[in-house]
Every structure is written in C-alpha cells, then in structure tokens.
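What follows is the content of structure.cif (mmCIF, C-alpha atoms and all ligand atoms).
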data_start
#
loop_
_atom_site.label_atom_id
_atom_site.label_comp_id
_atom_site.auth_asym_id
_atom_site.auth_seq_id
_atom_site.Cartn_x
_atom_site.Cartn_y
_atom_site.Cartn_z
CA MET Z 162 -1.16 26.51 -17.77
CA PHE Z 163 -2.12 28.14 -21.07
CA ASN Z 164 -0.06 27.43 -24.15
CA THR Z 165 1.06 30.31 -26.40
CA SER Z 166 -1.70 30.05 -29.01
CA SER Z 167 -4.52 29.83 -26.46
CA LEU Z 168 -2.94 32.78 -24.61
CA ARG Z 169 -2.91 34.73 -27.86
CA ARG Z 170 -6.57 33.84 -28.56
CA LEU Z 171 -7.63 34.77 -25.00
CA ARG Z 172 -5.72 38.04 -25.18
CA ALA Z 173 -7.31 38.93 -28.54
CA LEU Z 174 -10.73 38.08 -27.11
CA ARG Z 175 -10.05 40.12 -23.99
CA ASP Z 176 -8.66 43.12 -25.92
CA GLY Z 177 -11.57 43.04 -28.36
CA HIS Z 178 -14.11 42.83 -25.55
CA VAL Z 179 -12.40 45.50 -23.45
CA ARG Z 180 -12.39 47.87 -26.41
CA HIS Z 181 -15.99 46.96 -27.20
CA CYS Z 182 -17.10 47.40 -23.57
CA ILE Z 183 -15.34 50.74 -23.15
CA LYS Z 184 -17.06 52.00 -26.30
CA LEU Z 185 -20.44 50.74 -25.12
CA GLY Z 186 -19.76 52.00 -21.60
CA ARG Z 187 -19.17 55.50 -22.89
CA MET Z 188 -22.44 55.30 -24.80
CA HIS Z 189 -24.66 53.80 -22.12
CA ARG Z 190 -22.70 54.05 -18.84
CA SER Z 191 -24.62 50.98 -17.61
CA TRP Z 192 -23.36 49.08 -14.53
CA PRO Z 193 -23.44 45.57 -16.10
CA LEU Z 194 -21.16 46.77 -18.89
CA ARG Z 195 -18.85 48.53 -16.45
CA PHE Z 196 -18.69 45.29 -14.46
CA ALA Z 197 -17.91 43.31 -17.65
CA ALA Z 198 -15.16 45.79 -18.56
CA LEU Z 199 -13.66 45.46 -15.07
CA ALA Z 200 -13.80 41.65 -15.27
CA PHE Z 201 -11.95 41.66 -18.60
CA PHE Z 202 -9.42 44.16 -17.24
CA VAL Z 203 -8.70 41.77 -14.34
CA LEU Z 204 -8.40 38.88 -16.83
CA GLY Z 205 -5.96 41.02 -18.83
CA VAL Z 206 -3.76 41.60 -15.78
CA VAL Z 207 -3.72 37.84 -15.06
CA LEU Z 208 -2.88 36.98 -18.69
CA ASN Z 209 -0.13 39.59 -18.90
CA GLN Z 210 1.57 38.02 -15.89
CA THR Z 211 2.17 34.87 -17.94
CA ALA Z 212 2.79 36.68 -21.23
CA PRO Z 213 5.97 36.11 -23.27
CA GLY Z 214 8.64 38.60 -22.24
CA SER Z 215 7.45 38.83 -18.66
CA SER Z 216 7.90 35.58 -16.75
CA ARG Z 217 7.75 32.96 -19.50
CA PRO Z 218 11.19 31.32 -19.77
CA ARG Z 219 13.23 32.15 -22.89
CA TRP Z 220 16.76 31.49 -24.11
CA TYR Z 221 19.54 33.89 -23.15
CA LYS Z 222 22.99 33.56 -24.74
CA GLY Z 223 26.01 34.13 -22.53
CA ASN Z 224 29.69 33.51 -21.90
CA LEU Z 225 30.86 32.62 -18.40
CA HIS Z 226 34.64 32.82 -18.80
CA THR Z 227 36.48 35.98 -19.95
CA HIS Z 228 39.52 37.98 -18.91
CA THR Z 229 40.26 41.70 -18.89
CA LEU Z 230 43.28 43.88 -18.08
CA ASN Z 231 42.39 43.21 -14.42
CA SER Z 232 44.29 39.93 -14.92
CA ASP Z 233 45.94 38.70 -18.14
CA GLY Z 234 43.45 39.90 -20.77
CA ASP Z 235 44.50 42.55 -23.30
CA SER Z 236 41.48 44.89 -22.98
CA THR Z 237 39.65 46.94 -20.40
CA PRO Z 238 36.41 45.61 -18.86
CA SER Z 239 34.48 48.18 -20.92
CA GLU Z 240 36.09 47.04 -24.18
CA VAL Z 241 35.44 43.39 -23.35
CA VAL Z 242 31.81 44.01 -22.41
CA THR Z 243 31.35 46.09 -25.58
CA TRP Z 244 32.48 43.15 -27.75
CA TYR Z 245 29.87 40.80 -26.28
CA ARG Z 246 27.13 43.45 -26.24
CA GLU Z 247 27.75 44.15 -29.93
CA HIS Z 248 27.76 40.44 -30.83
CA GLU Z 249 24.24 39.74 -29.59
CA TYR Z 250 25.07 38.07 -26.31
CA ASN Z 251 22.59 38.58 -23.47
CA PHE Z 252 25.01 38.14 -20.60
CA LEU Z 253 28.71 38.06 -19.84
CA LEU Z 254 30.63 37.01 -16.76
CA LEU Z 255 34.07 38.57 -16.27
CA SER Z 256 36.27 35.92 -14.64
CA ASP Z 257 39.64 37.49 -13.94
CA HIS Z 258 42.30 35.41 -12.15
CA ASN Z 259 41.88 35.85 -8.39
CA HIS Z 260 40.24 39.23 -8.94
CA LEU Z 261 36.58 40.17 -8.76
CA THR Z 262 35.78 42.75 -11.43
CA ASP Z 263 32.84 44.82 -10.17
CA SER Z 264 29.80 44.66 -12.47
CA ALA Z 265 27.73 47.52 -11.03
CA GLY Z 266 29.31 50.36 -13.03
CA LEU Z 267 29.45 48.21 -16.18
CA ASN Z 268 25.75 47.42 -15.89
CA THR Z 269 24.95 51.13 -15.49
CA VAL Z 270 26.64 51.80 -18.83
CA PHE Z 271 26.00 48.58 -20.79
CA GLY Z 272 23.11 46.82 -19.01
CA SER Z 273 19.67 46.82 -20.56
CA VAL Z 274 16.59 45.18 -19.02
CA GLY Z 275 15.86 41.87 -20.76
CA GLN Z 276 18.69 42.49 -23.27
CA PHE Z 277 22.10 42.52 -21.64
CA LEU Z 278 23.56 41.88 -18.20
CA VAL Z 279 27.09 41.69 -16.76
CA LEU Z 280 27.45 38.99 -14.09
CA GLN Z 281 30.10 38.98 -11.38
CA GLY Z 282 32.56 36.15 -11.06
CA GLU Z 283 36.15 35.14 -10.74
CA GLU Z 284 38.53 32.43 -11.92
CA VAL Z 285 39.86 31.09 -8.63
CA THR Z 286 43.35 30.25 -9.82
CA ASP Z 287 45.24 27.65 -7.82
CA SER Z 288 47.85 24.97 -8.46
CA PHE Z 289 49.19 21.76 -6.98
CA ASN Z 290 52.78 20.63 -7.75
CA SER Z 291 52.79 23.22 -10.57
CA LYS Z 292 49.65 21.72 -12.16
CA PRO Z 293 47.13 24.52 -12.85
CA ILE Z 294 43.83 24.14 -11.01
CA HIS Z 295 41.32 26.76 -12.04
CA VAL Z 296 37.76 26.82 -10.70
CA ASN Z 297 35.32 29.48 -11.87
CA ALA Z 298 32.95 31.05 -9.36
CA TYR Z 299 29.74 32.26 -11.00
CA ASP Z 300 27.54 34.94 -9.42
CA LEU Z 301 30.08 35.85 -6.77
CA ALA Z 302 29.61 38.83 -4.41
CA THR Z 303 33.06 39.16 -2.80
CA GLU Z 304 36.57 38.31 -3.98
CA LEU Z 305 37.95 34.87 -3.12
CA GLN Z 306 41.57 33.80 -2.87
CA PRO Z 307 42.68 30.23 -3.73
CA ARG Z 308 42.53 27.76 -0.84
CA HIS Z 309 45.30 25.32 -1.90
CA GLY Z 310 45.30 21.64 -0.91
CA THR Z 311 47.23 18.43 -0.39
CA SER Z 312 46.45 16.78 -3.76
CA ILE Z 313 44.84 17.70 -7.09
CA ALA Z 314 41.44 16.48 -5.84
CA ASN Z 315 41.82 18.14 -2.43
CA THR Z 316 42.85 21.46 -4.03
CA ILE Z 317 39.75 21.38 -6.27
CA GLN Z 318 37.59 20.38 -3.30
CA ASN Z 319 38.83 23.20 -1.05
CA ASN Z 320 38.11 25.79 -3.75
CA VAL Z 321 34.71 24.26 -4.60
CA ASP Z 322 33.79 24.34 -0.90
CA ALA Z 323 34.92 27.98 -0.55
CA ILE Z 324 32.83 29.00 -3.57
CA LEU Z 325 29.75 27.11 -2.34
CA ALA Z 326 30.17 28.63 1.15
CA VAL Z 327 29.54 32.10 -0.30
CA LYS Z 328 26.57 30.85 -2.37
CA ALA Z 329 28.30 31.16 -5.75
CA LEU Z 330 28.36 28.37 -8.36
CA PRO Z 331 31.66 26.48 -8.89
CA SER Z 332 32.68 25.12 -12.31
CA LEU Z 333 35.87 23.16 -13.05
CA ASN Z 334 37.76 24.85 -15.89
CA HIS Z 335 39.76 23.27 -18.76
CA PRO Z 336 40.80 20.02 -16.96
CA ASN Z 337 43.31 19.13 -19.71
CA TYR Z 338 45.16 22.48 -19.49
CA GLY Z 339 48.67 21.47 -18.40
CA TRP Z 340 47.24 17.90 -18.33
CA ALA Z 341 46.40 18.78 -14.74
CA VAL Z 342 43.08 17.16 -13.86
CA THR Z 343 41.86 13.65 -14.75
CA SER Z 344 38.46 12.04 -14.27
CA GLU Z 345 40.03 9.95 -11.47
CA ASP Z 346 40.78 13.21 -9.62
CA LEU Z 347 37.25 14.51 -10.25
CA LEU Z 348 35.69 11.28 -8.97
CA ARG Z 349 37.21 12.19 -5.58
CA VAL Z 350 35.55 15.63 -5.56
CA GLN Z 351 32.11 16.17 -4.01
CA ASN Z 352 29.46 18.80 -4.77
CA LEU Z 353 30.90 19.91 -8.10
CA GLY Z 354 27.92 20.47 -10.42
CA LEU Z 355 29.57 22.04 -13.48
CA MET Z 356 32.60 21.48 -15.70
CA GLU Z 357 33.81 22.92 -18.98
CA VAL Z 358 33.30 20.45 -21.83
CA TYR Z 359 34.57 23.05 -24.30
CA ASN Z 360 37.01 25.92 -23.72
CA GLY Z 361 37.99 28.23 -26.61
CA HIS Z 362 41.58 28.87 -25.46
CA PRO Z 363 44.01 27.33 -27.99
CA THR Z 364 46.20 25.50 -25.42
CA VAL Z 365 43.63 23.62 -23.32
CA ASN Z 366 43.55 20.22 -25.10
CA ASN Z 367 39.76 19.77 -25.24
CA ALA Z 368 40.17 16.68 -27.44
CA GLY Z 369 42.64 14.93 -25.10
CA GLY Z 370 45.21 12.58 -26.65
CA GLY Z 371 48.36 10.71 -25.69
CA GLY Z 372 46.41 8.57 -23.24
CA PHE Z 373 44.41 11.49 -21.80
CA GLN Z 374 40.64 11.52 -22.12
CA SER Z 375 38.80 14.15 -24.17
CA LEU Z 376 36.49 16.39 -22.13
CA ASP Z 377 33.48 14.47 -23.52
CA GLU Z 378 35.04 11.18 -22.33
CA MET Z 379 35.86 12.68 -18.93
CA TRP Z 380 32.28 13.91 -18.58
CA ASP Z 381 30.91 10.45 -19.47
CA THR Z 382 33.21 8.80 -16.90
CA LEU Z 383 31.77 11.08 -14.20
CA LEU Z 384 28.16 10.65 -15.35
CA SER Z 385 28.61 6.86 -15.55
CA ALA Z 386 29.67 6.94 -11.88
CA GLY Z 387 26.41 8.73 -11.09
CA ARG Z 388 27.86 12.25 -10.73
CA ARG Z 389 25.21 14.88 -11.56
CA ILE Z 390 27.56 17.17 -13.44
CA LYS Z 391 26.58 19.57 -16.22
CA GLY Z 392 28.65 20.62 -19.22
CA ILE Z 393 29.56 24.22 -20.03
CA ALA Z 394 31.14 25.76 -23.16
CA VAL Z 395 33.12 29.00 -22.75
CA ASP Z 396 35.47 31.35 -24.59
CA ASP Z 397 38.14 31.87 -21.90
CA ALA Z 398 38.82 34.95 -24.04
CA HIS Z 399 42.00 36.92 -23.36
CA HIS Z 400 42.68 38.59 -26.72
CA PHE Z 401 40.41 41.18 -28.29
CA LYS Z 402 43.09 43.16 -30.14
CA LYS Z 403 44.78 40.37 -32.13
CA ILE Z 404 42.79 37.72 -33.92
CA GLY Z 405 43.95 34.26 -34.97
CA LYS Z 406 43.86 30.56 -34.14
CA GLU Z 407 46.82 30.98 -31.80
CA PHE Z 408 45.00 33.63 -29.72
CA ALA Z 409 42.25 33.24 -27.11
CA ASN Z 410 39.58 35.17 -29.01
CA PRO Z 411 35.92 35.68 -28.11
CA GLY Z 412 32.91 34.05 -29.82
CA ARG Z 413 34.02 30.41 -29.72
CA GLY Z 414 31.98 28.76 -26.94
CA TRP Z 415 28.90 29.84 -25.00
CA ILE Z 416 25.79 28.62 -23.25
CA GLU Z 417 22.14 29.30 -24.00
CA VAL Z 418 20.22 29.43 -20.73
CA ARG Z 419 16.45 29.02 -20.52
CA ALA Z 420 15.57 31.39 -17.69
CA GLU Z 421 12.53 33.21 -16.32
CA ALA Z 422 14.28 36.58 -16.63
CA LEU Z 423 17.63 38.16 -17.40
CA THR Z 424 18.73 38.68 -13.80
CA ALA Z 425 21.70 37.29 -11.89
CA SER Z 426 19.43 35.21 -9.66
CA ALA Z 427 17.33 33.80 -12.53
CA ILE Z 428 20.43 32.89 -14.60
CA HIS Z 429 22.09 31.39 -11.50
CA ALA Z 430 18.98 29.27 -10.76
CA ALA Z 431 18.59 28.10 -14.37
CA ILE Z 432 22.26 27.04 -14.61
CA GLU Z 433 22.00 25.22 -11.28
CA GLN Z 434 18.90 23.37 -12.53
CA GLY Z 435 20.55 22.43 -15.84
CA GLN Z 436 18.24 24.61 -17.92
CA PHE Z 437 20.89 25.31 -20.53
CA TYR Z 438 22.94 23.83 -23.33
CA ALA Z 439 26.53 24.45 -24.37
CA SER Z 440 27.36 25.45 -27.94
CA THR Z 441 30.12 26.32 -30.37
CA GLY Z 442 27.62 27.35 -33.07
CA VAL Z 443 24.69 24.91 -33.15
CA LYS Z 444 21.44 26.62 -32.18
CA LEU Z 445 18.57 24.72 -30.58
CA LYS Z 446 14.97 25.89 -30.50
CA ASP Z 447 13.93 23.45 -27.81
CA VAL Z 448 15.17 20.76 -25.45
CA GLU Z 449 12.45 18.67 -23.84
CA ILE Z 450 12.92 15.80 -21.42
CA THR Z 451 9.76 13.88 -20.55
CA ALA Z 452 9.34 10.72 -18.46
CA THR Z 453 9.91 8.59 -21.56
CA GLU Z 454 11.77 10.69 -24.12
CA TYR Z 455 14.65 13.09 -24.79
CA LYS Z 456 13.68 15.49 -27.60
CA LEU Z 457 15.53 18.31 -29.37
CA VAL Z 458 14.52 20.81 -32.01
CA ILE Z 459 17.50 22.18 -33.95
CA ASP Z 460 17.47 25.60 -35.64
CA PRO Z 461 19.48 25.15 -38.87
CA ARG Z 462 21.46 27.86 -40.69
CA GLN Z 463 21.27 27.78 -44.51
CA THR Z 464 22.52 24.38 -45.77
CA GLU Z 465 23.66 23.11 -42.36
CA LYS Z 466 23.30 19.35 -41.67
CA PHE Z 467 23.47 17.60 -38.31
CA THR Z 468 24.33 14.34 -36.63
CA THR Z 469 22.84 14.03 -33.16
CA SER Z 470 24.25 11.35 -30.87
CA PHE Z 471 22.29 10.29 -27.80
CA ILE Z 472 24.89 9.11 -25.32
CA GLY Z 473 24.48 6.93 -22.22
CA ALA Z 474 26.43 5.03 -19.56
CA GLY Z 475 30.04 4.33 -20.45
CA GLY Z 476 29.88 7.00 -23.16
CA LYS Z 477 27.97 4.53 -25.36
CA VAL Z 478 26.19 6.05 -28.36
CA LEU Z 479 22.64 4.80 -27.86
CA ALA Z 480 21.24 6.24 -31.10
CA LYS Z 481 22.13 8.62 -33.92
CA SER Z 482 19.84 10.87 -35.91
CA PHE Z 483 20.22 13.20 -38.92
CA ASP Z 484 16.87 14.85 -38.26
CA THR Z 485 16.38 18.48 -37.16
CA ALA Z 486 13.94 17.20 -34.51
CA PRO Z 487 15.77 14.17 -33.13
CA SER Z 488 14.33 12.21 -30.23
CA TYR Z 489 15.28 9.19 -28.16
CA THR Z 490 12.97 6.93 -26.15
CA PHE Z 491 14.58 5.91 -22.85
CA GLN Z 492 15.51 2.25 -22.49
CA ARG Z 493 16.23 0.21 -19.39
CA GLY Z 494 19.97 0.28 -18.65
CA ASP Z 495 20.72 3.66 -20.33
CA GLY Z 496 21.99 4.97 -16.99
CA TYR Z 497 21.71 8.55 -18.20
CA VAL Z 498 21.03 10.17 -21.55
CA ARG Z 499 22.64 13.30 -22.96
CA ALA Z 500 22.79 14.58 -26.53
CA ARG Z 501 25.63 15.95 -28.60
CA VAL Z 502 24.77 17.60 -31.90
CA ASP Z 503 27.57 17.91 -34.48
CA SER Z 504 27.05 20.25 -37.42
CA SER Z 505 28.44 20.20 -40.96
CA PHE Z 506 29.55 23.79 -40.18
CA ALA Z 507 32.17 22.39 -37.74
CA ALA Z 508 30.21 23.32 -34.63
CA SER Z 509 28.55 21.37 -31.82
CA ALA Z 510 25.99 21.59 -29.04
CA TRP Z 511 25.94 19.63 -25.79
CA THR Z 512 22.70 19.18 -23.83
CA GLN Z 513 22.54 18.17 -20.19
CA PRO Z 514 22.22 14.60 -18.91
CA ALA Z 515 18.86 13.16 -17.91
CA PHE Z 516 18.99 10.41 -15.29
CA HIS Z 517 15.96 8.13 -15.31
ZN ZN E 601 42.17 29.03 -16.48
ZN ZN E 602 40.57 31.75 -17.83
#
For the structure just supplied, provide its representation as structure tokens.
Ligand SMILES: [Zn+2]
Ligand SMILES: [Zn+2]
Amino acid sequence: MFNTSSLRRLRALRDGHVRHCIKLGRMHRSWPLRFAALAFFVLGVVLNQTAPGSSRPRWYKGNLHTHTLNSDGDSTPSEVVTWYREHEYNFLLLSDHNHLTDSAGLNTVFGSVGQFLVLQGEEVTDSFNSKPIHVNAYDLATELQPRHGTSIANTIQNNVDAILAVKALPSLNHPNYGWAVTSEDLLRVQNLGLMEVYNGHPTVNNAGGGGFQSLDEMWDTLLSAGRRIKGIAVDDAHHFKKIGKEFANPGRGWIEVRAEALTASAIHAAIEQGQFYASTGVKLKDVEITATEYKLVIDPRQTEKFTTSFIGAGGKVLAKSFDTAPSYTFQRGDGYVRARVDSSFAASAWTQPAFH
C-alpha cells in the first residue's frame, strides 16, 4: 500500500506528466506519446481509487442513542436530526423505545454523501421484575418488540438474540439505570459485543456507588473474564427544548468511527470490528495497535492537558502518561489492554481493548 505522502508525490508526477503529454500530443500526435498519456491516465484511475475521501478510512463522529416524539423525546425526528447536523456530527441513530423511526425520508432531506447520514435503530425496551432492561439495536431494518425472559440475564439474552437474528448490532444500555444490570448478570450473557460505558442521561449512574460498580469497572470485569466487549458513549438525548444538568440534552457522549465510507454498512462493519473510540470531548487523531504496542495520538484543544491510563486485567492501571502521543508496550500477563484518556477540560475518551 502507498502512504499518503508517496500517493501525493505519485499523483503530482502523474498529473504533471499527463498535462505534459496531452500538450505534446496535441503538438506532435505521435503514438508513443499517446500511449504514455494513456498509461498515466490508467495510473491516475488506480491512484484515485485509494485516494483520501474515496475508500481510505477516516473518522466519522456519531451518536447512537437518541429519542424523538415517536417515544419520550420532546422534539420531532426532523428537529432532532437538525440539531446533530448543525453540530458537526456525521451520523445519528434514532433509537426510540420499541419504535423504529424510518430514516429514508430524513436522509432525503438531511443526508449528504460523505457528510451526514441518519441510521435506523431502536431501543428495545424490556424489564424484569420492574428492573429496566434496554438493549439498543443498531442498523435495524424492521421494528422489534421486547422478548422478555425469566431473569435479568435471560431477558438481555433473548433481546440480544432477537437483534442478532435480524442482522442488527445489539448494545447493552445504561446498566446502572434503576441499578438493574450487574456484571454478574452480563457474565451470563453470550454474543453481546457492545455496552455503554458512558450515557449522557442524568439518572443513569455511570459512576456507580453504594456497592455498585462504575461502568468502567463493569467493563473491566467482563474483559478480565475474556469477554470481547466494546465500549460506547452516547447522549440518550430526550430534551432539545430545555437545557440544563437535570435534562437529557444532546452533545454529551459520542463515538468516532474509523470507516471506509459514510454508509450504514461501512459504519456497521467498523463498529463490529472495534474501529472506533468513545468520547465525551477528547479528540484522538490516531489509535494504532501493533503486535507489540498500543499507541494513541491525542488532538489537544488550546491549553488542554491529559492523563492517559493503559488498563489491563482486573482493571489494573498498567501505565500512565501525560504525553499527547502516549504508547504502551505489551507485557506478558496484561490479559488485555485498553486506554482511557482523561482531560483537564473534564472530558474523557475510551479506546477499545486489545487482547494479545
Ligand atoms: Zn434506556
Ligand atoms: Zn434511551
């Protein structure tokens, strides 16, 4: 594969030569020059196929959990989509409770190739013994109704299975909402690949307390048991008309997905493969996991400072760094390695676990 600078050099060379050849061709009309021009044209087509903006992966910012008037949100789908479109998001998934809000019409009005996309989804909203059990279905084609179950774990499992059966992606929402779901419950669930590690709703208890694990601790318990589960940050926005700490406002948690293109299938595939990080404000330029190292490049805002923690089995902090390009060399016994970046601007980013 070419890297960006060699691509740029080759393209400049090709463009210069093509221009040169066309000029000469017009003057002399000789076959060798026509052949050379054709060869460079073919090279140009090949290079453009790997050019930035076509199929080279880039970061797309999106929120996967939002409500509209189709369930308990306070605004129409158009108003909700407008907010995200105007705040430089690239994609938005409307996840109304047990209702699939159709994205086709919204994409006709608000969609823009490579810029903005509305994804279809639903918050499958179930309960067990009055404990709320909410599982988001990403990239869903037809509406699903909750499946219920015989325990917390079984209720989650039945909904996860129903979502997977229609080829959508299940994600466990706000486990500490109503103190409903513990890591012991989640250890009994199979084939769950995603969970919220941050939810912007004010009543979801992200930090745990009173003997309940924080979402970071819950995630580490699952990862330590070998579960390949990825962490998502979302808004769970309900309120667009009243703003305040006590409301579920937009703009609090999102993911940045590194995808080949801004299409439902490319975003779906990238999330499934863990090509994303979760954020409440920290921006990363790069996340690279090699055979030996876990490397980040942070994109600072003004005077922002960072503490990056590389975390392994048992939630142990393996190393800390204050650098904007922190890295960690894998050691025997790490189990897994993930990174959490905490900013002086009271924001964080969570990158996905690497098992080695
Ligand atoms: Zn919910
Ligand atoms: Zn919700």
Could I get the residues of chain Z with an atom no further than 10 Å from an atom of ligand ZN 601 (chain E), each paired with its nearest atom pair and that distance in Å to one decimal, using all atoms listed in the file, sorted by chain and residue number, as a Markdown table?
| residue | atom | partner | partner_atom | distance |
| --- | --- | --- | --- | --- |
| Z:His226 | CA | E:ZN601 | ZN | 8.7 |
| Z:Thr227 | CA | E:ZN601 | ZN | 9.6 |
| Z:His228 | CA | E:ZN601 | ZN | 9.6 |
| Z:Ser256 | CA | E:ZN601 | ZN | 9.3 |
| Z:Asp257 | CA | E:ZN601 | ZN | 9.2 |
| Z:His258 | CA | E:ZN601 | ZN | 7.7 |
| Z:Glu284 | CA | E:ZN601 | ZN | 6.8 |
| Z:Val285 | CA | E:ZN601 | ZN | 8.4 |
| Z:Thr286 | CA | E:ZN601 | ZN | 6.9 |
| Z:Asp287 | CA | E:ZN601 | ZN | 9.3 |
| Z:Pro293 | CA | E:ZN601 | ZN | 7.6 |
| Z:Ile294 | CA | E:ZN601 | ZN | 7.5 |
| Z:His295 | CA | E:ZN601 | ZN | 5.1 |
| Z:Val296 | CA | E:ZN601 | ZN | 7.6 |
| Z:Asn297 | CA | E:ZN601 | ZN | 8.3 |
| Z:Leu333 | CA | E:ZN601 | ZN | 9.3 |
| Z:Asn334 | CA | E:ZN601 | ZN | 6.1 |
| Z:His335 | CA | E:ZN601 | ZN | 6.6 |
| Z:Pro336 | CA | E:ZN601 | ZN | 9.1 |
| Z:Tyr338 | CA | E:ZN601 | ZN | 7.8 |
| Z:Asn360 | CA | E:ZN601 | ZN | 9.4 |
| Z:His362 | CA | E:ZN601 | ZN | 9.0 |
| Z:Val365 | CA | E:ZN601 | ZN | 8.8 |
| Z:Asp397 | CA | E:ZN601 | ZN | 7.3 |
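Among Z:Ala326, Z:Ile428, Z:Leu230, Z:Val395, the residue with the shortest atom-to-atom distance to ligand ZN 602 (chain E), counting only C-alpha atoms and all ligand atoms, is Z:Val395.
The interatomic distance for the pair CA of Trp220 (chain Z) and CA of Asn337 (chain Z) works out to 29.6 Å.
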Problem - Spatial neighbours of region 235-240 of chain Z, 12 Å, all atoms listed in the file, chain gap at least 3 places, as a PyMOL selection string - result: chain Z and resi 227-232+243-247+253-257+261-272+279+281+398-404+408-411
Problem - Gap from CA of Arg499 (chain Z) to CA of Trp415 (chain Z) - Å, one decimal - result: 17.8 Å
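Distances here use all atoms listed in the file; by that measure, the residue among Z:Lys444, Z:Lys477, Z:His260, Z:Lys328 closest to ligand ZN 602 (chain E) is Z:His260.
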Handout entry: Polymer residues at most 10 Å from Leu384 (chain Z), only C-alpha atoms, same-chain spacing of 6 or more positions, as JSON, numbers by chain
Key = {"Z": [348, 378, 390, 391, 473, 474, 475, 476, 496, 497, 498, 499, 514, 515, 516]}
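Within the 10 Å cut-off around Glu249 (chain Z), using only C-alpha atoms and omitting residues fewer than 6 positions from it on the same chain, the listed residues are Tyr221, Lys222, Gly223, Gln276 and Phe277 of chain Z.
Residue nearest ligand ZN 602 (chain E) within the list Z:Ala298, Z:Ala452, Z:Leu445, Z:Ala420: Z:Ala298 [criterion: smallest interatomic distance, all atoms listed in the file].
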